[in-house]
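Asker: Structure supplied as upload_26.txt; contents: compact mmCIF, C-alpha atoms and all ligand atoms.
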```
# COMPACT_ATOMS: atom_id res chain seq x y z
CA MET A 223 164.25 -28.27 18.55
CA THR A 224 162.19 -31.32 19.54
CA GLN A 225 159.90 -31.12 22.56
CA THR A 226 160.38 -34.75 23.57
CA THR A 227 160.98 -34.87 27.31
CA PHE A 228 163.29 -37.20 29.17
CA SER A 229 164.86 -37.92 32.56
CA ILE A 230 168.47 -38.35 33.58
CA VAL A 231 169.49 -41.37 35.65
CA VAL A 232 172.84 -41.25 37.44
CA ALA A 233 174.66 -42.65 40.45
CA MET A 234 177.26 -40.32 41.92
CA ASP A 235 179.54 -40.16 44.92
CA CYS A 236 179.94 -37.26 47.34
CA GLN A 237 182.28 -35.50 44.90
CA GLN A 238 179.78 -35.98 42.06
CA GLY A 239 182.05 -38.69 40.70
CA ILE A 240 180.35 -41.11 38.30
CA GLY A 241 183.13 -43.33 36.96
CA ARG A 242 186.76 -44.39 37.09
CA ASP A 243 188.83 -45.92 34.27
CA GLN A 244 185.74 -46.25 32.08
CA THR A 245 183.83 -48.28 34.60
CA LEU A 246 181.76 -47.86 37.76
CA PRO A 247 183.95 -47.72 40.90
CA TRP A 248 181.30 -49.39 43.06
CA HIS A 249 179.16 -52.52 43.05
CA LEU A 250 175.68 -51.78 44.37
CA PRO A 251 173.20 -54.56 43.46
CA SER A 252 170.24 -52.65 44.89
CA ASP A 253 171.11 -49.62 42.74
CA MET A 254 171.32 -51.86 39.68
CA GLN A 255 167.90 -53.24 40.58
CA TYR A 256 166.54 -49.71 41.05
CA PHE A 257 167.98 -48.66 37.67
CA LYS A 258 166.48 -51.70 35.96
CA GLN A 259 163.03 -51.16 37.44
CA LEU A 260 163.01 -47.40 36.83
CA THR A 261 164.10 -47.63 33.20
CA THR A 262 162.09 -50.73 32.27
CA THR A 263 158.67 -50.22 33.89
CA THR A 264 155.93 -48.82 31.68
CA GLN A 265 152.29 -48.07 32.39
CA ASP A 266 151.30 -49.32 28.94
CA PRO A 267 152.33 -52.97 28.51
CA GLU A 268 152.36 -52.47 24.72
CA ARG A 269 155.14 -49.88 24.95
CA GLN A 270 158.82 -49.82 25.98
CA ASN A 271 161.08 -47.19 27.43
CA ALA A 272 164.28 -46.01 25.76
CA VAL A 273 167.72 -45.51 27.27
CA ILE A 274 170.17 -43.11 25.60
CA MET A 275 173.87 -43.45 26.36
CA GLY A 276 177.24 -42.29 25.06
CA ARG A 277 179.44 -44.61 23.06
CA LYS A 278 181.94 -44.98 25.92
CA THR A 279 179.20 -45.98 28.36
CA PHE A 280 177.95 -48.48 25.79
CA ASP A 281 181.49 -49.89 25.54
CA SER A 282 181.62 -50.23 29.34
CA ILE A 283 178.57 -52.51 29.53
CA PRO A 284 179.60 -56.19 29.60
CA ALA A 285 178.46 -58.04 26.47
CA ALA A 286 176.33 -60.38 28.58
CA PHE A 287 174.15 -57.42 29.65
CA SER A 288 174.00 -55.61 26.29
CA PRO A 289 171.65 -54.48 24.95
CA LEU A 290 169.88 -53.67 28.21
CA PRO A 291 166.84 -55.95 27.93
CA ASN A 292 163.25 -54.83 27.43
CA ARG A 293 164.34 -51.31 26.61
CA CYS A 294 165.11 -49.57 23.32
CA ASN A 295 168.89 -49.00 23.52
CA VAL A 296 170.23 -45.85 21.84
CA VAL A 297 173.91 -44.89 21.54
CA LEU A 298 175.24 -41.44 20.62
CA SER A 299 178.47 -41.36 18.61
CA ARG A 300 180.03 -38.85 16.23
CA GLN A 301 181.50 -41.66 14.14
CA ASP A 302 180.25 -42.11 10.57
CA HIS A 303 180.27 -45.89 10.65
CA GLN A 304 178.09 -48.15 12.75
CA VAL A 305 179.81 -48.80 16.12
CA VAL A 306 176.98 -50.78 17.74
CA PRO A 307 175.34 -54.04 16.69
CA ASP A 308 171.64 -54.45 15.86
CA PRO A 309 169.14 -53.88 17.38
CA ILE A 310 170.90 -51.00 19.15
CA LEU A 311 170.20 -47.64 17.50
CA GLN A 312 172.99 -45.15 16.81
CA PHE A 313 172.63 -41.40 16.30
CA LYS A 314 175.08 -38.50 15.87
CA ASP A 315 172.95 -36.05 17.80
CA LEU A 316 170.63 -36.06 20.82
CA ASP A 317 167.86 -34.29 18.92
CA LEU A 318 167.98 -36.83 16.10
CA ALA A 319 167.62 -39.61 18.67
CA LEU A 320 164.74 -37.87 20.46
CA ASP A 321 162.98 -37.14 17.16
CA HIS A 322 163.20 -40.80 16.20
CA LEU A 323 161.98 -42.03 19.59
CA SER A 324 159.02 -39.62 19.49
CA GLU A 325 157.62 -41.24 16.34
CA PRO A 326 154.43 -43.06 17.38
CA SER A 327 155.52 -46.13 15.42
CA GLN A 328 158.43 -46.60 17.85
CA GLY A 329 156.03 -47.26 20.74
CA ILE A 330 158.24 -45.49 23.30
CA GLU A 331 156.71 -44.43 26.61
CA SER A 332 159.56 -42.73 28.52
CA VAL A 333 163.11 -41.77 27.64
CA PHE A 334 166.03 -41.96 30.08
CA VAL A 335 169.49 -40.51 29.49
CA ILE A 336 171.87 -42.85 31.31
CA GLY A 337 175.31 -41.26 30.84
CA GLY A 338 178.18 -40.80 30.80
CA ALA A 339 179.50 -37.33 31.55
CA ASP A 340 179.54 -36.10 27.93
CA ILE A 341 175.95 -37.14 27.37
CA TYR A 342 174.74 -35.79 30.73
CA ALA A 343 176.19 -32.41 29.69
CA LEU A 344 174.27 -32.53 26.41
CA ALA A 345 171.10 -33.57 28.21
CA LEU A 346 171.33 -30.85 30.85
CA ASP A 347 171.55 -28.21 28.12
CA HIS A 348 168.46 -29.61 26.37
CA VAL A 349 165.02 -28.08 26.84
CA GLY A 350 163.48 -31.55 27.12
CA CYS A 351 165.31 -32.48 30.33
CA GLU A 352 162.66 -32.65 33.04
CA ARG A 353 163.87 -34.72 35.96
CA LEU A 354 166.94 -36.37 37.46
CA TYR A 355 166.96 -39.67 39.33
CA ILE A 356 170.15 -39.56 41.36
CA THR A 357 171.60 -42.29 43.52
CA LYS A 358 173.65 -40.29 46.01
CA ILE A 359 176.55 -42.26 47.44
CA GLU A 360 177.83 -40.61 50.59
CA GLN A 361 181.48 -41.71 50.31
CA ASP A 362 184.30 -40.53 48.02
CA CYS A 363 184.90 -43.34 45.52
CA GLN A 364 188.00 -41.76 43.92
CA CYS A 365 186.38 -41.16 40.55
CA SER A 366 188.02 -39.73 37.43
CA THR A 367 184.78 -38.83 35.61
CA PHE A 368 182.31 -36.38 37.12
CA PHE A 369 178.71 -35.26 36.69
CA PRO A 370 178.95 -31.90 34.92
CA ARG A 371 176.68 -29.72 37.07
CA PRO A 372 176.33 -29.14 40.85
CA LEU A 373 173.23 -30.53 42.56
CA THR A 374 172.48 -27.01 43.77
CA ALA A 375 171.33 -26.30 40.19
CA PHE A 376 168.31 -28.55 40.74
CA SER A 377 165.31 -28.74 43.09
CA LEU A 378 165.00 -31.77 45.33
CA GLU A 379 161.56 -33.40 44.99
CA GLN A 380 162.03 -36.46 47.16
CA GLU A 381 164.72 -38.62 48.72
CA SER A 382 164.60 -42.13 50.14
CA GLU A 383 165.84 -43.30 53.49
CA ARG A 384 169.52 -44.25 53.68
CA HIS A 385 170.55 -47.66 52.30
CA PHE A 386 173.73 -49.58 53.16
CA GLU A 387 175.50 -52.04 50.87
CA THR A 388 179.06 -53.20 50.20
CA GLY A 389 180.44 -50.71 52.73
CA LEU A 390 178.69 -47.72 51.15
CA SER A 391 175.69 -45.65 52.24
CA PHE A 392 173.41 -44.04 49.69
CA THR A 393 169.96 -42.59 49.00
CA PHE A 394 167.70 -42.54 45.96
CA ALA A 395 166.77 -38.94 45.18
CA GLN A 396 164.59 -37.26 42.63
CA TYR A 397 165.28 -33.72 41.41
CA CYS A 398 163.59 -31.47 38.86
CA LEU A 399 165.16 -28.65 36.88
N1 LIG B 401 177.55 -43.46 37.65
C1 LIG B 401 176.72 -43.51 36.62
O1 LIG B 401 175.47 -43.43 36.79
C2 LIG B 401 177.26 -43.68 35.23
C3 LIG B 401 176.41 -43.79 34.13
C4 LIG B 401 176.97 -43.93 32.87
C5 LIG B 401 178.34 -43.94 32.72
N2 LIG B 401 179.13 -43.84 33.79
C6 LIG B 401 180.58 -43.82 33.66
O2 LIG B 401 180.93 -42.68 32.85
C7 LIG B 401 182.15 -42.97 32.17
C8 LIG B 401 181.93 -42.73 30.69
O3 LIG B 401 181.56 -41.37 30.50
P1 LIG B 401 182.26 -40.46 29.38
O4 LIG B 401 181.83 -39.07 29.56
O5 LIG B 401 183.72 -40.78 29.37
O6 LIG B 401 181.68 -41.07 28.01
P2 LIG B 401 180.18 -41.14 27.43
O7 LIG B 401 179.47 -39.87 27.69
O8 LIG B 401 179.55 -42.42 27.85
O9 LIG B 401 180.48 -41.29 25.87
C9 LIG B 401 181.25 -40.33 25.21
C10 LIG B 401 181.11 -40.58 23.73
O10 LIG B 401 179.79 -40.21 23.31
C11 LIG B 401 179.85 -39.66 22.00
N3 LIG B 401 179.43 -38.28 22.06
C12 LIG B 401 179.80 -37.33 22.95
N4 LIG B 401 179.23 -36.15 22.65
C13 LIG B 401 178.47 -36.36 21.56
C14 LIG B 401 177.65 -35.52 20.76
N5 LIG B 401 177.49 -34.21 21.05
N6 LIG B 401 177.02 -36.06 19.71
C15 LIG B 401 177.17 -37.37 19.40
N7 LIG B 401 177.95 -38.21 20.11
C16 LIG B 401 178.59 -37.70 21.17
C17 LIG B 401 181.29 -39.79 21.53
O11 LIG B 401 181.40 -41.08 20.95
P3 LIG B 401 182.47 -41.38 19.73
O12 LIG B 401 183.81 -41.29 20.38
O13 LIG B 401 182.10 -42.76 19.29
O14 LIG B 401 182.21 -40.32 18.70
C18 LIG B 401 182.04 -39.75 22.86
O15 LIG B 401 183.33 -40.32 22.80
C19 LIG B 401 182.48 -44.43 32.51
O16 LIG B 401 183.39 -44.46 33.60
C20 LIG B 401 181.15 -45.00 32.95
O17 LIG B 401 181.30 -46.12 33.81
C21 LIG B 401 178.62 -43.69 35.05
```
Spell out the structure here as structure tokens.

Answerer:
Amino acid sequence: MTQTTFSIVVAMDCQQGIGRDQTLPWHLPSDMQYFKQLTTTTQDPERQNAVIMGRKTFDSIPAAFSPLPNRCNVVLSRQDHQVVPDPILQFKDLDLALDHLSEPSQGIESVFVIGGADIYALALDHVGCERLYITKIEQDCQCSTFFPRPLTAFSLEQESERHFETGLSFTFAQYCL
């Protein structure tokens, strides 16, 4: 098994809900900004970060925002044919994706697993999962898709002050396994 490490990035409501009807049930511009900065910023200007997502999450991203810019976009799918356009990479397995991203020629600095529920479950079972960046929304947003493990399984490292936007309150938290 590959030793490539990665972090999970997720926004969840107070029921650990992450999505509804294949989309996000909230609109939080400051969380989108946080996500963009976290997943894009590198220490080495010659390198990029990678984001790994499930095929359904990929499908949920509006075409105007896909691929997520200045990041290597990776989609996991069990399908034999190509379901994503170039330059997005497609793999059948998380380890295959991590092995590819760990090749020095790829110039990848950090890897982030960005959902959805199926792919979070894979990531949480993987030895390379080191850290979780969790936007914790304090309301119940009536989700139909849920993060697959309770927060009590992780250790809180730090948490921001409370933010307020579009009628919701939330914090930015960092957990380790
Ligand atoms: N709140 C958040 O931070 C956040 C983040 C991301 C997504 N979401 C939400 O989550 C929902 C989507 O999550 P989801 O769980 O339904 O779908 P998903 O995890 O995004 O994608 C599921 C797909 O990934 C592929 N897949 C699953 N397991 C695999 C494996 N072991 N190997 C290779 N490929 C595999 C399959 O694609 P094929 O069917 O092509 O084989 C599967 O249908 C949406 O509502 C989205 O808005 C929320």

Asker: With all atoms listed in the file as the counted atoms, please give the residues lying no more than 10 Å from stretch 340-351 of chain A, apart from itself and same-chain residues fewer than 2 positions off, as number ranges by chain.

Answerer: A: 223-232, 274-279, 297-298, 315-317, 320, 333-338, 353-354, 367-371, 398-399

Asker: Pick from A:Gln238, A:Ser288, A:Asn295, A:Gln244: nearest to ligand LIG 401 (chain B), with only C-alpha atoms and all ligand atoms counted?

Answerer: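 For ligand LIG 401 (chain B), the nearest of the candidates is A:Gln244.
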
Asker: What's around A:Ile359 at 7 Å? Count only C-alpha atoms, leave out sequence neighbours fewer than 4 positions away in its own chain, and write the answer as a PyMOL selection string.

Answerer: chain A and resi 234-236+390-393

Asker: What's the separation between atom CA of A:Tyr256 and atom CA of A:Tyr397, in Å to one decimal place?

Answerer: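 Distance between the two atoms: 16.0 Å.
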
Asker: Could you pull the residues within 8 Å of A:Pro247, counting only C-alpha atoms, minus those fewer than 4 positions along the same chain, as a list in words?

Answerer: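 The residues that qualify are Ile240, Gly241, Arg242, Cys363, Gln364 and Cys365 of chain A.
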
Asker: Deliver the residues from the most recent selection as a file, using C-alpha atoms, as a PDB file, keeping the file's coordinate frame.

Answerer:
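Okay, this is what ended up in again_16.pdb:
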```pdb
ATOM      1  CA  ILE A 240     180.350 -41.110  38.300  1.00  0.00           C
ATOM      2  CA  GLY A 241     183.130 -43.330  36.960  1.00  0.00           C
ATOM      3  CA  ARG A 242     186.760 -44.390  37.090  1.00  0.00           C
ATOM      4  CA  CYS A 363     184.900 -43.340  45.520  1.00  0.00           C
ATOM      5  CA  GLN A 364     188.000 -41.760  43.920  1.00  0.00           C
ATOM      6  CA  CYS A 365     186.380 -41.160  40.550  1.00  0.00           C
TER       7      CYS A 365
END
```

Asker: From the options A:His249, A:Arg300, A:Arg269, A:Lys358, which residue's atoms come nearest to ligand LIG 401 (chain B), counting only C-alpha atoms and all ligand atoms?

Answerer: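 Looking at the shortest contact to ligand LIG 401 (chain B), the residue is A:Arg300.
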
Asker: For A:Leu378, which of A:Asp362, A:Gln304, A:Ala395, A:Leu246 is the closest residue, counting only C-alpha atoms?

Answerer: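 Going through A:Asp362, A:Gln304, A:Ala395, A:Leu246 one by one, the smallest distance to A:Leu378 is for A:Ala395.
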
Asker: To one decimal in Å, tell me the separation between atom CA of A:Phe280 and atom O12 of ligand LIG 401 (chain B).

Answerer: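 Taking atom CA of A:Phe280 and atom O12 of ligand LIG 401 (chain B), their separation equals 10.7 Å.
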
Asker: Which one is closest to ligand LIG 401 (chain B): A:Ile356, A:Ala375, A:Ile310, A:Ala339? Count only C-alpha atoms and all ligand atoms.

Answerer: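 Counting only C-alpha atoms and all ligand atoms, the residue closest to ligand LIG 401 (chain B) is A:Ala339.
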
Asker: Could you please determine the separation between atom CA of A:Tyr355 and atom CA of A:Leu260 in Å, to one decimal place?

Answerer: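 A separation of 9.0 Å between them.
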
Asker: Kindly indicate which residue among A:Pro267, A:Asn292, A:Ala285, A:His303 lies nearest to ligand LIG 401 (chain B), using all atoms listed in the file for the distances.

Answerer: A:His303

Asker: Hey, can you pull every residue with an atom no more than 10 Å from (165.3, -53.9, 17.6), using all atoms listed in the file, and send it as number ranges by chain?

Answerer: A: 289, 293-295, 308-311

Asker: Pick the closest to A:Thr261 from A:Ser366, A:Gln396, A:Ser332, A:Ser377: which is it, counting all atoms listed in the file?

Answerer: A:Ser332
